[in-house]
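Enquirer: Before I ask anything, let me first share the structure, which is written out below as structure tokens.
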Amino acid sequence: MKIEITDISTNGEGVGRIDGKVYFVPNALPGEIVEVEIIEDKGRFARARMVDDKPSCGGAPLLRYPYKLQLEWKQKHVWECLIKLAKLNQPKVNTIIGMDNPYAYRNKCEFKIGAGLPYCNIDCTSCPLQDEKTREIVQEFKDHPIKNAEEFIVRTTKTGEHMAFTVQSSGYILLYSGERVIHDYIDTDMGHLEVEVDPFSFYQVNATQTGILYSIAQKYAAPTADDTILDLYCGCGTIGLSMADAAKRVIGVESEKSSILLANRNAVINRIVNAIFIQGKAEDVVKEKLQGVKADIVILDPPRSGCKESLLKTVLEIGPKRIVYISCNPSTLARDLDRINQMSGAKGKASYEFVEATPIDMFPHTAHVETVVLMSKVK
């Protein structure tokens, strides 16, 4: 059967309709009429594949799309989520910030042994998202695999350092090459930050765009010498630390113990003495351990699932001057903004208004897009 592709799904698949039924077709471009065969029929929708489709990189589902089209679609996706899910009227969304060279940008790649990348079904040593060093290490591992390894992970940095390790069925980590801790740096509008990275600490995968992302967050936060910054879901502390010199103090909260250890280490490396980091779930720590703390700026950088509603409620009770929300999922971002709007001004809670959003393409050739949003307290 033939189908005309009219849109792109949130997973990066082509979308077409026949008699009201939706068909998802990987690698199909809007405007194309493609010959497809059904691989899964769910009644109201179906998944299909192009008959003449060639194997492609599942980790880069938009690789066939012109990069300009990718950026336009991501911009549209953020806009539509803010209108439909956050229920905002004509929100200000700045032009998405793309990359001059959207290839070889990933500084972390994960491989399932025997199946290549979890999202990839082609020869992983030719993945266009990996840098040359990663491809060399992967090829070496394919030539000399480790027995009982279930996962192989490679991390690289702008300094040229790397770590490659396997995860065993027991959970044990075995270093394959490189070092257990590697060093990187982030340059932002507020200065230079040295960073240590361990095997599992959260760290942005796109080194080129990270400094831009942090600079926008800094602009939105606009800290002064009297401000306390509350950095929630802080990972290894880099966002808060990048603003520490401009603020009175930074308080970071993160659930992963290894990330908290690294956050404190990163503070020491950069000689930052006005930052502390607390281990625990953000929704629990803010309510139980930070009662009475007056935060002037709150930074939210949650996982794709977004924030717990109880955390948003507590943030509004704190009543910071500004909330900077960083998200890699426009849908949960918009949901949380709607929750903030609904709770704003209720008893014991401050009122907030959406100011603007800036999308950043941290993940070229994928359906993901990072967005930074500024919410300002209504006087």
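Letters A, B, ... mark the chains of the structure tokens in the order given; residue numbers begin at 1 per chain; ligand numbers begin at 1, in order shown.
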Neighbouring residues of Gly252 of chain A were defined as those with any atom within 10 Å, considering only C-alpha atoms; residues of the same chain fewer than 6 positions away were excluded. Please report them as a list of chain:residue names.

Expert: A:Ile229, A:Leu230, A:Asp231, A:Leu232, A:Tyr233, A:Cys234, A:Gly235, A:Cys236, A:Gly237, A:Thr238, A:Ile239, A:Gly240, A:Leu241, A:Ile260, A:Ala263, A:Asn264, A:Ala275, A:Ile276, A:Phe277, A:Ile278, A:Gln279, A:Ala282, A:Ile299

Enquirer: Would you write out, as JSON lines, a table of all residues in segment 311-368 of chain A that have an atom no more than 12 Å from an atom of segment 203-207 of chain A, listing for each the closest atom pair and the distance in Å to one decimal, considering only C-alpha atoms and ordering rows by chain and rising residue number?

Expert:
```
{"residue": "A:Ser327", "atom": "CA", "partner": "A:Gln204", "partner_atom": "CA", "distance": 12.0}
{"residue": "A:Cys328", "atom": "CA", "partner": "A:Gln204", "partner_atom": "CA", "distance": 10.8}
{"residue": "A:Ile360", "atom": "CA", "partner": "A:Asn206", "partner_atom": "CA", "distance": 10.9}
{"residue": "A:Asp361", "atom": "CA", "partner": "A:Asn206", "partner_atom": "CA", "distance": 9.3}
{"residue": "A:Met362", "atom": "CA", "partner": "A:Asn206", "partner_atom": "CA", "distance": 5.9}
{"residue": "A:Phe363", "atom": "CA", "partner": "A:Asn206", "partner_atom": "CA", "distance": 7.2}
{"residue": "A:Pro364", "atom": "CA", "partner": "A:Asn206", "partner_atom": "CA", "distance": 9.4}
```

Enquirer: Create the file for the chosen residues now, containing N, CA and C atoms and written as a PDB file, in the first residue's frame.

Expert:
```pdb
ATOM      1  N   SER A 327      14.582  21.083  30.273  1.00  0.00           N
ATOM      2  CA  SER A 327      13.931  19.796  30.015  1.00  0.00           C
ATOM      3  C   SER A 327      14.322  19.250  28.649  1.00  0.00           C
ATOM      4  N   CYS A 328      14.453  17.925  28.570  1.00  0.00           N
ATOM      5  CA  CYS A 328      14.691  17.265  27.283  1.00  0.00           C
ATOM      6  C   CYS A 328      13.409  16.643  26.745  1.00  0.00           C
ATOM      7  N   ILE A 360      17.058  24.178  22.291  1.00  0.00           N
ATOM      8  CA  ILE A 360      18.451  23.962  21.894  1.00  0.00           C
ATOM      9  C   ILE A 360      18.569  22.536  21.360  1.00  0.00           C
ATOM     10  N   ASP A 361      19.171  22.381  20.217  1.00  0.00           N
ATOM     11  CA  ASP A 361      19.309  21.043  19.640  1.00  0.00           C
ATOM     12  C   ASP A 361      20.545  20.361  20.219  1.00  0.00           C
ATOM     13  N   MET A 362      20.338  19.701  21.348  1.00  0.00           N
ATOM     14  CA  MET A 362      21.409  18.941  21.991  1.00  0.00           C
ATOM     15  C   MET A 362      21.577  17.559  21.359  1.00  0.00           C
ATOM     16  N   PHE A 363      20.569  17.120  20.593  1.00  0.00           N
ATOM     17  CA  PHE A 363      20.558  15.739  20.084  1.00  0.00           C
ATOM     18  C   PHE A 363      20.225  15.708  18.591  1.00  0.00           C
ATOM     19  N   PRO A 364      21.079  16.275  17.725  1.00  0.00           N
ATOM     20  CA  PRO A 364      20.815  16.236  16.287  1.00  0.00           C
ATOM     21  C   PRO A 364      20.579  14.816  15.777  1.00  0.00           C
TER      22      PRO A 364
END
```

Enquirer: Run DSSP on the backbone and grab whatever in segment 78-252 of chain A lands in helix (DSSP H, G or I); send it over as a PyMOL selection string.

Expert: chain A and resi 78-84+124-126+132-143+207-221+238-241+244-246

Enquirer: Taking 5 positions as the minimum chain separation for residues in the same chain, which residues sit within 9 Å of Tyr23 of chain A when counting only C-alpha atoms? Answer as a compact mmCIF listing (two decimals) with N, CA, C and O atoms, in the first residue's frame.

Expert:
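The new file result-v1.txt reads:
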```txt
# COMPACT_ATOMS: atom_id res chain seq x y z
N ILE A 3 1.28 5.42 0.98
CA ILE A 3 0.78 6.39 1.96
C ILE A 3 1.58 7.68 1.84
O ILE A 3 2.80 7.65 1.61
N ILE A 5 3.24 10.84 3.55
CA ILE A 5 3.76 11.24 4.86
C ILE A 5 3.53 12.74 5.04
O ILE A 5 3.94 13.55 4.20
N GLY A 14 8.03 8.97 10.44
CA GLY A 14 7.12 9.63 9.54
C GLY A 14 5.68 9.26 9.89
O GLY A 14 5.41 8.14 10.33
N VAL A 15 4.76 10.20 9.72
CA VAL A 15 3.35 9.98 10.06
C VAL A 15 2.49 10.20 8.82
O VAL A 15 2.62 11.22 8.13
N GLY A 16 1.63 9.23 8.54
CA GLY A 16 0.67 9.35 7.44
C GLY A 16 -0.69 8.87 7.89
O GLY A 16 -0.80 8.17 8.91
N ARG A 17 -1.73 9.23 7.15
CA ARG A 17 -3.10 8.84 7.51
C ARG A 17 -3.85 8.34 6.28
O ARG A 17 -3.75 8.92 5.20
N ILE A 18 -4.62 7.28 6.49
CA ILE A 18 -5.52 6.76 5.47
C ILE A 18 -6.87 6.50 6.12
O ILE A 18 -6.95 5.71 7.09
N ILE A 38 2.67 -3.32 6.46
CA ILE A 38 2.32 -3.25 7.88
C ILE A 38 3.13 -4.27 8.67
O ILE A 38 3.23 -5.44 8.28
N PHE A 45 -4.20 2.69 15.12
CA PHE A 45 -2.97 3.09 14.44
C PHE A 45 -2.18 1.83 14.10
O PHE A 45 -2.46 0.74 14.60
N ALA A 46 -1.19 2.00 13.23
CA ALA A 46 -0.36 0.87 12.82
C ALA A 46 1.07 1.33 12.59
O ALA A 46 1.32 2.52 12.32
N ARG A 47 1.98 0.40 12.71
CA ARG A 47 3.37 0.67 12.39
C ARG A 47 3.71 -0.06 11.10
O ARG A 47 3.31 -1.20 10.89
N ALA A 48 4.43 0.64 10.25
CA ALA A 48 4.76 0.09 8.95
C ALA A 48 6.21 0.39 8.62
O ALA A 48 6.86 1.19 9.30
```

Enquirer: Please list as number ranges by chain every residue within 6 Å of Glu151 of chain A, counting only C-alpha atoms and excluding residues in the same chain fewer than 4 positions away.

Expert: A: 111-113, 166-167

Enquirer: List the neighbours of segment 371-378 of chain A out to 10 Å using only C-alpha atoms; skip same-chain residues closer than 2 positions along the sequence, and give me the result as a PyMOL selection string.

Expert: chain A and resi 75+78+92-93+96+213-214+216-217+219-221+297-301+316+319-330+333+337+340+344-345+350-362+368-369

Enquirer: Name the residues in contact with Gly191 of chain A at a cut-off of 10 Å, using only C-alpha atoms, excluding same-chain residues fewer than 2 positions from it; report them as a list in words.

Expert: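 The contact residues come out as Ile186, Asp187, Thr188, Asp189, Leu193, Gly211, Ser215, Ser242, Met243 and Asp245 of chain A.
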